[in-house]
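The structure under discussion appears below in the form of structure tokens.
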Amino acid sequence: MSALDERRASFQRYKQDVKERGKPFYPYAMFHDTVMSLVVVCVIVGLACVWYLTSHEDPNRCQPKWSSCMLGPRYAEPADPGTTNFVPRPDWYFYFLFYLLRIFKWPDSVILGTVGIPTILLIIALVLPFIDTRRDRRLSRRPVAVIAAILVVISMGELTYKGAVAKEALASEVVAAVPSWAQREGFANNPKAVSGATVFAEAGCTACHTYLGTGGGNLGAPDLSAEGTKGKGVQGLTSYISDPSKFGNNVMPKFAAFANIPAKDAKGKNLGISELQALAIFLDASKGPK
Ligand code: HEC
């Protein structure tokens, strides 16, 4: 019997089975799913009502916890887009993706890692039923699928673990880029500029600014790779970074230790005068990549 005949015969057997012992999808399975979805929606709406009715406009009224705000306060602290001492981390079940993003570096391979590979895997999963038409379901007869599944589980476990223990890698990754900055910008033989570059990497400037492709580019912060060509000078740059609000920049935090801000309001890292000066020398030496 040819493979095609075999497949036709097994399809007939399947149709016969459904006729004799099965129930059709409509209306049986449809009804089940509809009832179950309704239950889930009702539970969510119920929880939302409990949360709303037990919480208050004022989060300070959430004491004692067990009698009010059963499902958390109505509002938490307002979001602060300018924070530099917070490293955003995903929920644990996204750690593996989070770590993948560190393996693939912008801009060379990020598209491959985030769009290319998932798309290829999805296409394989979609065409698999058409390629593998065997009816045998025993695991021992499906070595390729079993090994592939085990490898996926192991690598996701490994990536999840690495994502979980990766600490403050943002700053350390930026610090690791300093030698290549010094080389490309040509200030490698200026130790003050190099130490300023390290301060720049550690103080969280790249949360907003970009420098030679590293960093966020957030909140309208300009690229600083060629800041030294703007003629501000070391003195001008020092006073700018110390207190940017004096120059009409209310987005960027004050970085000077002497800016006289209470510690709890200091969003940026407080820098001493020598660190500020090194930073300014570094920016002044940044004339753009050679
Ligand atoms: C919260 C985001 C943020 C952080 C963190 C930040 N900046 Fe800025 N910075 C800005 C924004 C926004 C501007 C542009 C303001 C404007 O154009 O008026 C700016 C402007 C500047 C400028 C002037 C650029 C120009 O050409 O006009 C310099 C220099 C600068 N930042 C240096 C730094 C340094 C050094 C650090 C780290 C110690 C830092 N910034 C951290 C947001 C930030």
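Letters A, B, ... go to the chains of the structure tokens in the order shown; residues in each chain start at 1; ligands are counted from 1 in the same order.
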Per residue of chain A within 7 Å of ligand 1, note the shortest atom pair and the distance in Å to one decimal, counting only C-alpha atoms and all ligand atoms, and order the rows by chain and increasing residue number, as a Markdown table.
```
| residue | atom | partner | partner_atom_place_in_ligand_line | distance |
| --- | --- | --- | --- | --- |
| A:Pro81 | CA | ligand 1 | 1 (C) | 6.9 |
| A:Gly82 | CA | ligand 1 | 1 (C) | 3.8 |
| A:Thr83 | CA | ligand 1 | 1 (C) | 6.1 |
| A:Thr84 | CA | ligand 1 | 5 (C) | 5.6 |
| A:Phe200 | CA | ligand 1 | 37 (C) | 5.5 |
| A:Ala203 | CA | ligand 1 | 38 (C) | 5.4 |
| A:Gly204 | CA | ligand 1 | 5 (C) | 5.6 |
| A:Cys205 | CA | ligand 1 | 37 (C) | 3.5 |
| A:Thr206 | CA | ligand 1 | 5 (C) | 6.7 |
| A:Ala207 | CA | ligand 1 | 5 (C) | 5.5 |
| A:Cys208 | CA | ligand 1 | 2 (C) | 4.4 |
| A:His209 | CA | ligand 1 | 7 (N) | 6.0 |
| A:Asn218 | CA | ligand 1 | 2 (C) | 6.9 |
| A:Leu219 | CA | ligand 1 | 12 (C) | 5.2 |
| A:Gly220 | CA | ligand 1 | 12 (C) | 4.7 |
| A:Ala221 | CA | ligand 1 | 11 (C) | 3.7 |
| A:Pro222 | CA | ligand 1 | 14 (C) | 5.9 |
| A:Leu224 | CA | ligand 1 | 24 (C) | 6.7 |
| A:Glu227 | CA | ligand 1 | 26 (O) | 5.8 |
| A:Lys230 | CA | ligand 1 | 26 (O) | 6.9 |
| A:Leu237 | CA | ligand 1 | 29 (C) | 5.9 |
| A:Tyr240 | CA | ligand 1 | 29 (C) | 6.5 |
| A:Ile241 | CA | ligand 1 | 32 (C) | 5.7 |
| A:Gly248 | CA | ligand 1 | 18 (O) | 6.1 |
| A:Asn249 | CA | ligand 1 | 18 (O) | 4.6 |
| A:Val251 | CA | ligand 1 | 12 (C) | 5.1 |
| A:Met252 | CA | ligand 1 | 43 (C) | 3.8 |
| A:Pro253 | CA | ligand 1 | 1 (C) | 6.1 |
| A:Phe255 | CA | ligand 1 | 38 (C) | 6.2 |
| A:Gly268 | CA | ligand 1 | 5 (C) | 6.7 |
| A:Leu279 | CA | ligand 1 | 35 (C) | 6.1 |
```
- Write out as a PyMOL selection string all residues of stretch 125-198 of chain A that backbone DSSP assigns to helix (DSSP H, G or I). chain A and resi 125-131+139-141+143-165+169-176+178-185+191-198
Could you give me the residues within stretch 8-238 of chain A that DSSP places in strand (DSSP E or B), as a compact mmCIF listing (two decimals) with all heavy atoms, in the first residue's frame?
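The new file result16.txt reads:
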```txt
# COMPACT_ATOMS: atom_id res chain seq x y z
N THR A 210 22.66 59.04 24.34
CA THR A 210 23.42 58.01 23.63
C THR A 210 24.84 58.53 23.46
O THR A 210 25.08 59.74 23.42
CB THR A 210 22.83 57.73 22.24
OG1 THR A 210 22.64 58.96 21.55
CG2 THR A 210 21.50 57.01 22.36
N TYR A 211 25.78 57.56 23.40
CA TYR A 211 27.17 57.90 23.12
C TYR A 211 27.73 56.80 22.24
O TYR A 211 27.79 55.64 22.66
CB TYR A 211 27.98 58.01 24.43
CG TYR A 211 29.33 58.62 24.23
CD1 TYR A 211 29.52 59.99 24.33
CD2 TYR A 211 30.42 57.82 23.89
CE1 TYR A 211 30.76 60.55 24.11
CE2 TYR A 211 31.66 58.37 23.67
CZ TYR A 211 31.83 59.74 23.78
OH TYR A 211 33.07 60.30 23.56
N THR A 214 25.73 53.61 22.22
CA THR A 214 25.34 53.02 23.49
C THR A 214 24.36 53.97 24.17
O THR A 214 24.56 55.18 24.13
CB THR A 214 26.56 52.82 24.40
OG1 THR A 214 27.50 52.03 23.69
CG2 THR A 214 26.18 52.10 25.69
N GLY A 215 23.33 53.43 24.82
CA GLY A 215 22.46 54.27 25.63
C GLY A 215 21.05 54.37 25.09
O GLY A 215 20.70 53.79 24.07
```
- For stretch 3-9 of chain A: contacts at 12 Å, only C-alpha atoms, fewer than 4 positions along chain excluded, given as a PyMOL selection string: chain A and resi 13-16+133-135
Restrict the selected residues to all heavy atoms and save them as a PDB file, in the first residue's frame.
```
ATOM      1  N   ARG A  13     -10.759   6.043   8.893  1.00  0.00           N
ATOM      2  CA  ARG A  13     -10.919   5.454  10.222  1.00  0.00           C
ATOM      3  C   ARG A  13     -11.253   6.542  11.231  1.00  0.00           C
ATOM      4  O   ARG A  13     -12.117   6.391  12.088  1.00  0.00           O
ATOM      5  CB  ARG A  13      -9.611   4.768  10.643  1.00  0.00           C
ATOM      6  CG  ARG A  13      -9.602   3.275  10.371  1.00  0.00           C
ATOM      7  CD  ARG A  13      -8.599   2.551  11.263  1.00  0.00           C
ATOM      8  NE  ARG A  13      -7.269   3.137  11.289  1.00  0.00           N
ATOM      9  CZ  ARG A  13      -6.358   2.945  10.327  1.00  0.00           C
ATOM     10  NH1 ARG A  13      -6.637   2.206   9.277  1.00  0.00           N
ATOM     11  NH2 ARG A  13      -5.173   3.493  10.422  1.00  0.00           N
ATOM     12  N   TYR A  14     -10.573   7.695  11.096  1.00  0.00           N
ATOM     13  CA  TYR A  14     -10.796   8.801  12.021  1.00  0.00           C
ATOM     14  C   TYR A  14     -12.237   9.311  11.908  1.00  0.00           C
ATOM     15  O   TYR A  14     -12.929   9.493  12.915  1.00  0.00           O
ATOM     16  CB  TYR A  14      -9.799   9.921  11.710  1.00  0.00           C
ATOM     17  CG  TYR A  14     -10.129  11.238  12.350  1.00  0.00           C
ATOM     18  CD1 TYR A  14      -9.933  11.425  13.716  1.00  0.00           C
ATOM     19  CD2 TYR A  14     -10.642  12.288  11.604  1.00  0.00           C
ATOM     20  CE1 TYR A  14     -10.249  12.629  14.302  1.00  0.00           C
ATOM     21  CE2 TYR A  14     -10.959  13.491  12.182  1.00  0.00           C
ATOM     22  CZ  TYR A  14     -10.765  13.661  13.533  1.00  0.00           C
ATOM     23  OH  TYR A  14     -11.086  14.848  14.107  1.00  0.00           O
ATOM     24  N   LYS A  15     -12.733   9.507  10.658  1.00  0.00           N
ATOM     25  CA  LYS A  15     -14.103   9.984  10.448  1.00  0.00           C
ATOM     26  C   LYS A  15     -15.108   9.009  11.068  1.00  0.00           C
ATOM     27  O   LYS A  15     -16.083   9.412  11.711  1.00  0.00           O
ATOM     28  CB  LYS A  15     -14.366  10.107   8.940  1.00  0.00           C
ATOM     29  CG  LYS A  15     -13.828  11.395   8.358  1.00  0.00           C
ATOM     30  CD  LYS A  15     -14.702  12.537   8.817  1.00  0.00           C
ATOM     31  CE  LYS A  15     -14.239  13.855   8.256  1.00  0.00           C
ATOM     32  NZ  LYS A  15     -14.798  14.978   8.974  1.00  0.00           N
ATOM     33  N   GLN A  16     -14.834   7.698  10.883  1.00  0.00           N
ATOM     34  CA  GLN A  16     -15.713   6.667  11.409  1.00  0.00           C
ATOM     35  C   GLN A  16     -15.765   6.738  12.936  1.00  0.00           C
ATOM     36  O   GLN A  16     -16.837   6.690  13.545  1.00  0.00           O
ATOM     37  CB  GLN A  16     -15.176   5.299  10.954  1.00  0.00           C
ATOM     38  CG  GLN A  16     -16.157   4.147  11.120  1.00  0.00           C
ATOM     39  CD  GLN A  16     -17.377   4.334  10.218  1.00  0.00           C
ATOM     40  OE1 GLN A  16     -17.256   4.941   9.160  1.00  0.00           O
ATOM     41  NE2 GLN A  16     -18.529   3.869  10.644  1.00  0.00           N
ATOM     42  N   THR A 133       3.749  13.466   9.171  1.00  0.00           N
ATOM     43  CA  THR A 133       2.364  12.987   9.150  1.00  0.00           C
ATOM     44  C   THR A 133       2.228  11.605   9.789  1.00  0.00           C
ATOM     45  O   THR A 133       1.179  10.980   9.684  1.00  0.00           O
ATOM     46  CB  THR A 133       1.848  12.917   7.705  1.00  0.00           C
ATOM     47  OG1 THR A 133       2.788  12.177   6.931  1.00  0.00           O
ATOM     48  CG2 THR A 133       1.665  14.296   7.116  1.00  0.00           C
ATOM     49  N   ARG A 134       3.279  11.129  10.440  1.00  0.00           N
ATOM     50  CA  ARG A 134       3.173   9.799  11.069  1.00  0.00           C
ATOM     51  C   ARG A 134       2.159   9.855  12.198  1.00  0.00           C
ATOM     52  O   ARG A 134       1.982  10.877  12.853  1.00  0.00           O
ATOM     53  CB  ARG A 134       4.536   9.393  11.622  1.00  0.00           C
ATOM     54  CG  ARG A 134       5.540   9.080  10.513  1.00  0.00           C
ATOM     55  CD  ARG A 134       6.915   8.918  11.092  1.00  0.00           C
ATOM     56  NE  ARG A 134       7.260  10.111  11.882  1.00  0.00           N
ATOM     57  CZ  ARG A 134       8.183  10.110  12.835  1.00  0.00           C
ATOM     58  NH1 ARG A 134       8.814   9.008  13.144  1.00  0.00           N
ATOM     59  NH2 ARG A 134       8.448  11.213  13.491  1.00  0.00           N
ATOM     60  N   ARG A 135       1.501   8.723  12.420  1.00  0.00           N
ATOM     61  CA  ARG A 135       0.478   8.684  13.449  1.00  0.00           C
ATOM     62  C   ARG A 135       1.054   8.261  14.792  1.00  0.00           C
ATOM     63  O   ARG A 135       0.385   8.350  15.812  1.00  0.00           O
ATOM     64  CB  ARG A 135      -0.645   7.738  13.045  1.00  0.00           C
ATOM     65  CG  ARG A 135      -1.504   8.315  11.926  1.00  0.00           C
ATOM     66  CD  ARG A 135      -2.387   7.257  11.321  1.00  0.00           C
ATOM     67  NE  ARG A 135      -3.192   6.557  12.336  1.00  0.00           N
ATOM     68  CZ  ARG A 135      -4.315   7.041  12.854  1.00  0.00           C
ATOM     69  NH1 ARG A 135      -4.764   8.214  12.483  1.00  0.00           N
ATOM     70  NH2 ARG A 135      -4.990   6.365  13.746  1.00  0.00           N
TER      71      ARG A 135
END
```
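Counting only C-alpha atoms, the residue from A:Ala182, A:Val35, A:Leu122, A:Cys42 that sits nearest to A:Leu283 is A:Ala182.
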- Item | Neighbour list for A:Ser155 as an MDAnalysis selection string, cut-off 9 Å, only C-alpha atoms, skip fewer than 5 positions in-chain | chainID A and resid 96 150 160
For C-alpha atoms, I'd like the residues from the last selection saved as an mmCIF file, in the first residue's frame.
```cif
data_model
loop_
_atom_site.group_PDB
_atom_site.id
_atom_site.type_symbol
_atom_site.label_atom_id
_atom_site.label_comp_id
_atom_site.auth_asym_id
_atom_site.auth_seq_id
_atom_site.Cartn_x
_atom_site.Cartn_y
_atom_site.Cartn_z
ATOM 1 C CA PHE A 96 15.069 34.335 29.082
ATOM 2 C CA ILE A 150 14.682 18.904 25.903
ATOM 3 C CA THR A 160 16.178 32.388 32.749
#
```
- Message: Counting only C-alpha atoms, which residue out of A:Val152, A:Ala201, A:Ala285, A:Leu276 sits closest to A:Gly228?
- Response: A:Ala285
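Residues in contact range of stretch 48-62 of chain A, defined as at most 10 Å between only C-alpha atoms, with sequence neighbours fewer than 5 positions away removed, read Cys42, Val43, Ser67, Ser68, Cys69, Met70, Leu71, Gly72, Pro73, Arg74, Tyr75, Ala76 and Glu77 of chain A.
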- Can you work out the spacing between atom CA of A:Asp33 and atom CA of A:Glu20 in Å, to one decimal? 23.3 Å
- Task: Excluding A:Asn190 and residues on its chain fewer than 2 positions from it, collect all residues at most 12 Å away from it, counting only C-alpha atoms, and give them as number ranges by chain.
- Result: A: 179, 182-183, 185-188, 192-197, 278, 281-282, 284-286
